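Asks: The structure is given below, and queries will be raised subsequently.
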Amino acid sequence: MSIEKHRFASGFPKIGIRPTIDGRRRGVRESLEEQTMNMAKATAALISENLRYPNGEPVECVIADTTIGGVAEAAACADKFAKENVGVSITVTPCWCYGTETMDMDPSIPKAVWGFNGTERPGAVYLAAVLSGYAQKGLPAFGIYGEQVQDATDTSVPDDVKGKIISFARAGLAVSYMRGKAYLSMGSVSMGIAGSIVDDSFFQEYLGMRNEYIDMSEFVRRINEGIYDDQEFEKAMAWVKENCIEGSDINDPAIQQSREKKDENWETVVKMTQIARDLMIGNPRLAELGFEEEAMGHHAVVSGFQGQRQWTDHFPNGDFMEAMLNSSFDWNGIRAPYMVATENDSLNGAVMLFGNLLTNTAQIFADVRTYWGAESVKRVTGYELPGAAANGILHLINSGSATLDGTGEQSRDGEPVMKPHWEITQEEADKCLEATSWRPANVGYFRGGGYSSDYLSKGGMPMTMSRLNIVKGLGPVLQIAEGYSVELPQEVHDVLDDRTDPTWPTTWFAPIVTGEGAFTSVYDVMNNWGANHGSISYGHIGADLITLASMLRIPVSMHNVADEKIFRPRAWSLFGTEQLEAADFRACTNFGPLYK
Ligand SMILES: C[C@H](O)[C@@H](O)[C@@H](O)C(=O)CO
Ligand SMILES: [Mn+2]
């Protein structure tokens with residue numbers, strides 16, 4: 001079995017569709033059966049046409065065997081869903097039904113109700129009734145109904161309803177997919193970074209995930225004892241020689257590593273890449289080689305590598321391993337990216353996972369390093385920041401995990417983009433590699449050497465930066481900033497980049513300012529950011545992150561998403577409707593983490 005087949009062999013959660021109906025027979029129920037089932041079928045088709053699993057296959061839906069008119073049928077549906085691995089439920093109805101008798105009562109399944117907005121048989125009245133039941137029982141549910149009244153005979157799904165069904169389903173699948181999986185901590189706390197103090201209560205109670213831990217000495221054991229696929233290693237080395245451009249060495253010649261050492265490091269970083277992946281997901285090939293236990297892996301959907309300093313003071317750094325795993329391609333071809341956080345920053349790892357599950361694209365991990373205002377840029381370079389950058393830009397840069405997809409060398413309609421792996425062509429993957437040079441690491445910081453991926457992201461890409469923070473007494477909070485990547489003239493970039501570590505990849509990011517709160521200015525965005533790192537996802541996905549956070553009961557403390565795009569469970573409005581941010585905190589605190 002190929003490693004990618006093996007990786008997704010445990011399958012994916014399905015979406016369960018529950019057509020509910022007015023249970024009274026002798027006319028009423030019978031007259032509604034067809035219309036109700038058709039709503040379920042239309043919902044299933046809509047989802048399967050628009051959403052895909054991480055391996056690129058269409059999302060599967062399961063419809064209850066019968067319409068649900070009362071509790072016996074609700075229970076039969078729950079049984080079917082349990083057998084079919086349903087992780088998300090959508091109740092649909094064109095008519096009045098009996099709220100608490102027909103509702104989905106499973107507290108861990110994200111749930112929504114679509115009530116048909118017609119007046120002959122009031123689906124929207126059921127919607128209101130059942131949502132009040134959900135609020136009363138402490139089971140937050142999303143309410144969906146179209147703005148325009150539809151005729152009873154109209155079988156179409158209005159566009160506003162479509163948008164909400166898709167947003168809900170996308171976030172619900174993310175919740176369901178991560179449940180039961182693991183965060184693999186490779187090493188421990190890096191340089192006192194609090195995000196790498198893995199908080200197992202957070203992963204367990206909010207994400208339903210398990211924490212797995214290995215010591216970095218495991219890499220040494222596997223390298224020394226040959227616990228990796230040697231054939232793959234040969235293939236990978238040949239591919240590296242062909243596709244990875246070694247960049248210039250910035251170290252003083254007196255301390256540069258020898259050519260021999262550098263060549264040895266290439267072999268080590270390739271083995272580290274294989275080993276980290278095998279640690280995360282296992283590898284059937286290892287069982288064939290006699291390593292049955294190692295073949296199992298840690299069932300991880302995200303991991304973090306401490307690296308600095310205990311590893312990097314002696315061994316080559318993790319940059320190649322992290323950057324390659326986070327990219328949508330390697331020597332085995334184009335494939336879904338793995339989520340690996342630099343410096344074992346598990347809280348950045350968590351948002352990388354969110355961004356990845358919502359978009360199926362690779363994520364850029366970066367330090368939120370410097371706010372460069374127009375005045376400072378002018379002073380240092382003489383250059384006047386134009387257009388989207390005029391309010392100032394953030395220098396996103398870090399050794400390590402930035403995906404090579406972040407170069408912006410993939411395109412759609414001539415624009416730079418980052419795509420899900422099944423849309424990426426070999427030519428685009430090659431271009432990402434050509435735009436990256438692997439610079440021998442700065443040995444002042446990384447005594448063991450290694451190779452950092454040096455690239456400059458193309459400008460004009462819509463991007464969303466996010467970050468999870470944990471506050472003692474409050475719990476996790478999410479921050480979101482939508483904006484654009486910015487292209488600076490090469491010579492301007494060089495001056496600014498040379499003030500940092502020019503061997504690292506850079507994305508210049510201009511958050512969209514709204515003139516309010518943390519988005520009063522770009523300086524305020526930086527000044528309010530909760531930690532040293534952010535995860536950057538292609539596209540404006542702030543609204544999807546907000547929906548996902550509300551399912552997990554993680555409040556959002558700053559975002560620049562327009563109010564009309566925000567979609568949260570209906571009960572949130574019972575916590576206040578004027579100040580949505582404050583209401584979100586109250587609602588999340590009230591309901592508490594999803595798996596407590
Ligand atoms: C080389 C340095 O230690 C960097 O890795 C450091 O500035 C960070 O990335 C901190 O997040
Ligand atoms: Mn960092």
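Residue numbering restarts at 1 in every chain; chains get A, B, ... in the order shown in the structure tokens, and ligands count up from 1 in that same order.
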For Ala45 in chain A, find every residue with an atom within 12 Å (counting only C-alpha atoms), except residues of its own chain fewer than 3 positions away, and show them as number ranges by chain.

Replies: A: 15, 17, 38-42, 48-51, 58-63, 156-157, 162, 165-166

Asks: Which residues come within 12 Å of Ala128 in chain A, counting only C-alpha atoms, excluding same-chain residues fewer than 5 positions away, as a list in words?

Replies: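 After dropping sequence-adjacent residues, the list is Cys95, Trp96, Cys97, Tyr98, Gly99, Thr100, Ala112, Val113, Trp114, Gly115, Phe116, Asn117, Pro122, Gly123, Gly133, Tyr134, Ala135, Ala141, Phe142, Gly143, Ile144, Tyr145, Arg570 and Ala571 of chain A.
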
Asks: Could you write those residues out with N, CA and C atoms, as a short mmCIF file (atom, residue, chain, number, x, y, z; two decimals), in the first residue's frame?

Replies:
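The result, stored in out.cif:
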```
data_model
loop_
_atom_site.label_atom_id
_atom_site.label_comp_id
_atom_site.auth_asym_id
_atom_site.auth_seq_id
_atom_site.Cartn_x
_atom_site.Cartn_y
_atom_site.Cartn_z
N CYS A 95 -41.60 21.76 6.85
CA CYS A 95 -42.89 21.85 7.55
C CYS A 95 -42.72 21.91 9.06
N TRP A 96 -43.81 22.06 9.69
CA TRP A 96 -43.82 21.98 11.15
C TRP A 96 -43.54 20.54 11.57
N CYS A 97 -42.68 20.32 12.57
CA CYS A 97 -42.46 18.99 13.15
C CYS A 97 -42.35 19.20 14.66
N TYR A 98 -42.21 18.11 15.38
CA TYR A 98 -42.24 18.23 16.84
C TYR A 98 -40.81 18.33 17.35
N GLY A 99 -40.47 19.53 17.79
CA GLY A 99 -39.09 19.92 18.11
C GLY A 99 -38.29 18.89 18.87
N THR A 100 -38.50 18.79 20.17
CA THR A 100 -37.62 17.93 20.98
C THR A 100 -37.83 16.45 20.68
N ALA A 112 -26.94 21.36 12.48
CA ALA A 112 -27.63 22.50 11.88
C ALA A 112 -29.03 22.06 11.49
N VAL A 113 -29.91 23.05 11.38
CA VAL A 113 -31.27 22.78 10.91
C VAL A 113 -31.57 23.74 9.77
N TRP A 114 -32.00 23.19 8.65
CA TRP A 114 -32.48 24.03 7.54
C TRP A 114 -34.00 23.94 7.51
N GLY A 115 -34.64 25.05 7.80
CA GLY A 115 -36.11 25.12 7.75
C GLY A 115 -36.53 25.89 6.51
N PHE A 116 -37.29 25.23 5.64
CA PHE A 116 -37.74 25.82 4.38
C PHE A 116 -38.56 27.07 4.66
N ASN A 117 -38.19 28.17 3.99
CA ASN A 117 -38.93 29.41 4.23
C ASN A 117 -40.13 29.50 3.30
N PRO A 122 -45.06 25.43 7.63
CA PRO A 122 -44.01 26.34 8.14
C PRO A 122 -42.73 25.67 8.66
N GLY A 123 -41.77 25.43 7.74
CA GLY A 123 -40.48 24.88 8.14
C GLY A 123 -39.71 25.83 9.03
N GLY A 133 -35.32 24.73 21.60
CA GLY A 133 -35.09 23.49 22.35
C GLY A 133 -33.60 23.22 22.52
N TYR A 134 -32.85 23.41 21.45
CA TYR A 134 -31.40 23.19 21.52
C TYR A 134 -30.75 24.14 22.53
N ALA A 135 -31.18 25.40 22.52
CA ALA A 135 -30.62 26.37 23.47
C ALA A 135 -30.94 25.94 24.90
N ALA A 141 -26.93 24.76 18.14
CA ALA A 141 -27.16 24.31 16.76
C ALA A 141 -27.26 25.53 15.85
N PHE A 142 -26.89 25.31 14.59
CA PHE A 142 -26.92 26.39 13.59
C PHE A 142 -28.29 26.41 12.92
N GLY A 143 -28.82 27.59 12.74
CA GLY A 143 -30.12 27.72 12.06
C GLY A 143 -29.92 28.24 10.65
N ILE A 144 -30.61 27.61 9.69
CA ILE A 144 -30.49 28.03 8.29
C ILE A 144 -31.88 28.21 7.71
N TYR A 145 -32.18 29.39 7.23
CA TYR A 145 -33.36 29.53 6.38
C TYR A 145 -33.17 30.70 5.45
N ARG A 570 -27.30 29.47 16.62
CA ARG A 570 -28.35 30.46 16.88
C ARG A 570 -28.34 30.94 18.33
N ALA A 571 -27.99 30.06 19.26
CA ALA A 571 -28.05 30.44 20.68
C ALA A 571 -27.12 31.62 21.00
#
```

Asks: Taking the backbone alone, and naming residues the way the document does, which bits of range 389-442 of chain A are strand (DSSP E or B) by DSSP, as a VMD selection string?

Replies: chain A and resid 393 to 397 410 to 412 415 to 417 437 to 440

Asks: Output the selection as a JSON list (two decimals), in the first residue's frame - C-alpha atoms for each residue.

Replies:
```
[["chain", "number", "residue", "atom", "x", "y", "z"],
["A", 393, "ILE", "CA", 3.19, 45.65, 6.44],
["A", 394, "LEU", "CA", 4.16, 42.75, 8.66],
["A", 395, "HIS", "CA", 7.31, 40.78, 8.03],
["A", 396, "LEU", "CA", 6.32, 37.11, 8.36],
["A", 397, "ILE", "CA", 9.51, 35.08, 8.49],
["A", 410, "GLN", "CA", 0.77, 28.05, -8.34],
["A", 411, "SER", "CA", -1.79, 30.00, -10.30],
["A", 412, "ARG", "CA", -5.45, 30.31, -11.18],
["A", 415, "GLU", "CA", -3.10, 35.03, -10.29],
["A", 416, "PRO", "CA", -0.79, 33.51, -7.66],
["A", 417, "VAL", "CA", -2.65, 31.07, -5.39],
["A", 437, "SER", "CA", 16.82, 28.03, -2.44],
["A", 438, "TRP", "CA", 18.05, 25.93, 0.44],
["A", 439, "ARG", "CA", 20.51, 28.11, 2.28],
["A", 440, "PRO", "CA", 23.04, 26.59, 4.64]]
```

Asks: CA of Leu404 in chain A and CA of Val495 in chain A are how many Å apart?

Replies: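 That distance, rounded to one decimal, is 22.8 Å.
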
Asks: Residues at most 8 Å from ligand 2, using only C-alpha atoms and all ligand atoms? Could they come as number ranges by chain?

Replies: A: 342-343, 366-367, 398-399, 532-533

Asks: Output C-alpha atoms for every residue in that selection, as a CSV table (one decimal), in the first residue's frame.

Replies:
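Listed below is the output, selection_9.csv:
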```csv
chain,number,residue,atom,x,y,z
A,342,THR,CA,8.2,24.8,14.1
A,343,GLU,CA,9.5,25.1,17.6
A,366,ALA,CA,5.8,32.1,10.5
A,367,ASP,CA,7.2,34.4,13.1
A,398,ASN,CA,10.8,32.0,10.3
A,399,SER,CA,13.2,29.2,9.7
A,532,ASN,CA,5.4,35.3,18.3
A,533,HIS,CA,3.8,33.1,15.7
```

Asks: I need the residues of range 384-575 of chain A that end up classed as helix (DSSP H, G or I) by DSSP on the backbone, written out as a PyMOL selection string.

Replies: chain A and resi 387-389+404-407+421-423+426-434+490-497+517-519+522-528+542-552+563-565+570-575

Asks: For a test of reading the model, state the distance in Å between CA of Val130 in chain A and CA of Val561 in chain A, rounded to one decimal.

Replies: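 We find that CA of Val130 in chain A and CA of Val561 in chain A lie 28.6 Å from each other.
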
Asks: Ranking A:Asp65, A:Thr102, A:Ala169, A:Tyr228 by minimum distance to Ile90 in chain A and counting only C-alpha atoms, which one comes first?

Replies: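 Residue with the minimum atom-to-atom distance to Ile90 in chain A: A:Ala169.
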
Asks: Which residues form the shell of 12 Å around ligand 1 when you count only C-alpha atoms and all ligand atoms, given as a PyMOL selection string?

Replies: chain A and resi 189-196+306-310+312-313+317-319+341-345+348+365-370+396-402+441-447+449+452+500-505+531-534

Asks: Compile the contact shell of Val522 in chain A as a ChimeraX atom specification: residues with an atom at most 9 Å away, counting only C-alpha atoms, same-chain residues fewer than 6 positions apart removed.

Replies: /A:371-373,391-394,510-513

Asks: Using only C-alpha atoms, which protein or nucleic acid residues come within 6 Å of Gly208 in chain A? Drop anything in the same chain fewer than 2 positions from it, and give the result as a list in words.

Replies: Arg179, Gly180, Gln204, Glu205 and Tyr206 of chain A

Asks: Output C-alpha atoms for every residue in that selection, as an mmCIF file, in the first residue's frame.

Replies:
```
data_model
loop_
_atom_site.group_PDB
_atom_site.id
_atom_site.type_symbol
_atom_site.label_atom_id
_atom_site.label_comp_id
_atom_site.auth_asym_id
_atom_site.auth_seq_id
_atom_site.Cartn_x
_atom_site.Cartn_y
_atom_site.Cartn_z
ATOM 1 C CA ARG A 179 -11.632 14.171 16.900
ATOM 2 C CA GLY A 180 -9.763 11.083 18.060
ATOM 3 C CA GLN A 204 -8.595 16.835 24.833
ATOM 4 C CA GLU A 205 -11.482 19.057 25.871
ATOM 5 C CA TYR A 206 -11.706 21.493 22.972
#
```

Asks: Listing only residues of range 374-404 of chain A within 10 Å of range 470-491 of chain A, what is the closest atom pair and its distance in Å (to one decimal) for each, using only C-alpha atoms, sorted by chain and residue number ascending, as a Markdown table?

Replies:
```
| residue | atom | partner | partner_atom | distance |
| --- | --- | --- | --- | --- |
| A:Thr381 | CA | A:Glu491 | CA | 8.6 |
| A:Tyr383 | CA | A:Pro489 | CA | 9.1 |
| A:Leu385 | CA | A:Leu488 | CA | 8.4 |
| A:Pro386 | CA | A:Leu488 | CA | 9.3 |
| A:Gly387 | CA | A:Val486 | CA | 9.6 |
| A:Ala388 | CA | A:Val486 | CA | 7.7 |
| A:Ala389 | CA | A:Val486 | CA | 6.8 |
| A:Ile393 | CA | A:Val486 | CA | 8.0 |
| A:Leu394 | CA | A:Ser485 | CA | 9.5 |
| A:Leu396 | CA | A:Ser485 | CA | 9.9 |
```

Asks: Could you check the closest approach to Gln257 in chain A for each of A:Val240, A:Tyr451, A:Ser176, A:Tyr213 and tell me which residue wins, using only C-alpha atoms?

Replies: A:Tyr451

Asks: Near Pro593 in chain A, within 12 Å and counting only C-alpha atoms, which residues show up once chain neighbours fewer than 4 positions away are dropped, as a PyMOL selection string?

Replies: chain A and resi 107-108+138-140+201-208+474-477+549-555+587-589

Asks: Could the residues in this selection be written to a file with C-alpha atoms, as a compact mmCIF listing (two decimals), in the first residue's frame?

Replies:
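selection.txt written:
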```txt
# COMPACT_ATOMS: atom_id res chain seq x y z
CA PRO A 107 -23.84 16.53 22.08
CA SER A 108 -20.55 15.95 20.24
CA GLY A 138 -27.36 23.37 26.04
CA LEU A 139 -26.78 21.85 22.60
CA PRO A 140 -25.85 24.75 20.32
CA SER A 201 -6.49 19.62 28.49
CA PHE A 202 -6.92 22.02 25.60
CA PHE A 203 -6.41 19.31 22.97
CA GLN A 204 -8.60 16.84 24.83
CA GLU A 205 -11.48 19.06 25.87
CA TYR A 206 -11.71 21.49 22.97
CA LEU A 207 -10.55 19.41 20.01
CA GLY A 208 -11.27 15.87 21.23
CA LEU A 474 -10.22 31.91 30.38
CA GLY A 475 -8.90 29.11 28.17
CA PRO A 476 -8.18 29.25 24.44
CA VAL A 477 -8.91 32.36 22.34
CA ALA A 549 -14.29 28.25 16.64
CA SER A 550 -17.91 28.58 17.71
CA MET A 551 -18.44 24.83 17.26
CA LEU A 552 -15.41 24.22 19.50
CA ARG A 553 -16.52 27.00 21.92
CA ILE A 554 -13.31 28.96 21.38
CA PRO A 555 -14.04 32.71 21.52
CA ALA A 587 -21.63 31.96 24.91
CA CYS A 588 -18.34 30.04 24.79
CA THR A 589 -17.88 30.34 28.55
```

Asks: From the set A:Gln150, A:Asn265, A:Thr425, A:Ser535, which residue has the shortest atom-to-atom contact distance to Asn326 in chain A, counting only C-alpha atoms?

Replies: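 The answer is A:Ser535, which sits nearest to Asn326 in chain A.
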
Asks: Considering only C-alpha atoms, return as a count of residues only whatever protein or nucleic-acid residues lie within 10 Å of Ile68 in chain A, sequence-local ones (same chain, fewer than 6 positions apart) excluded.

Replies: 19
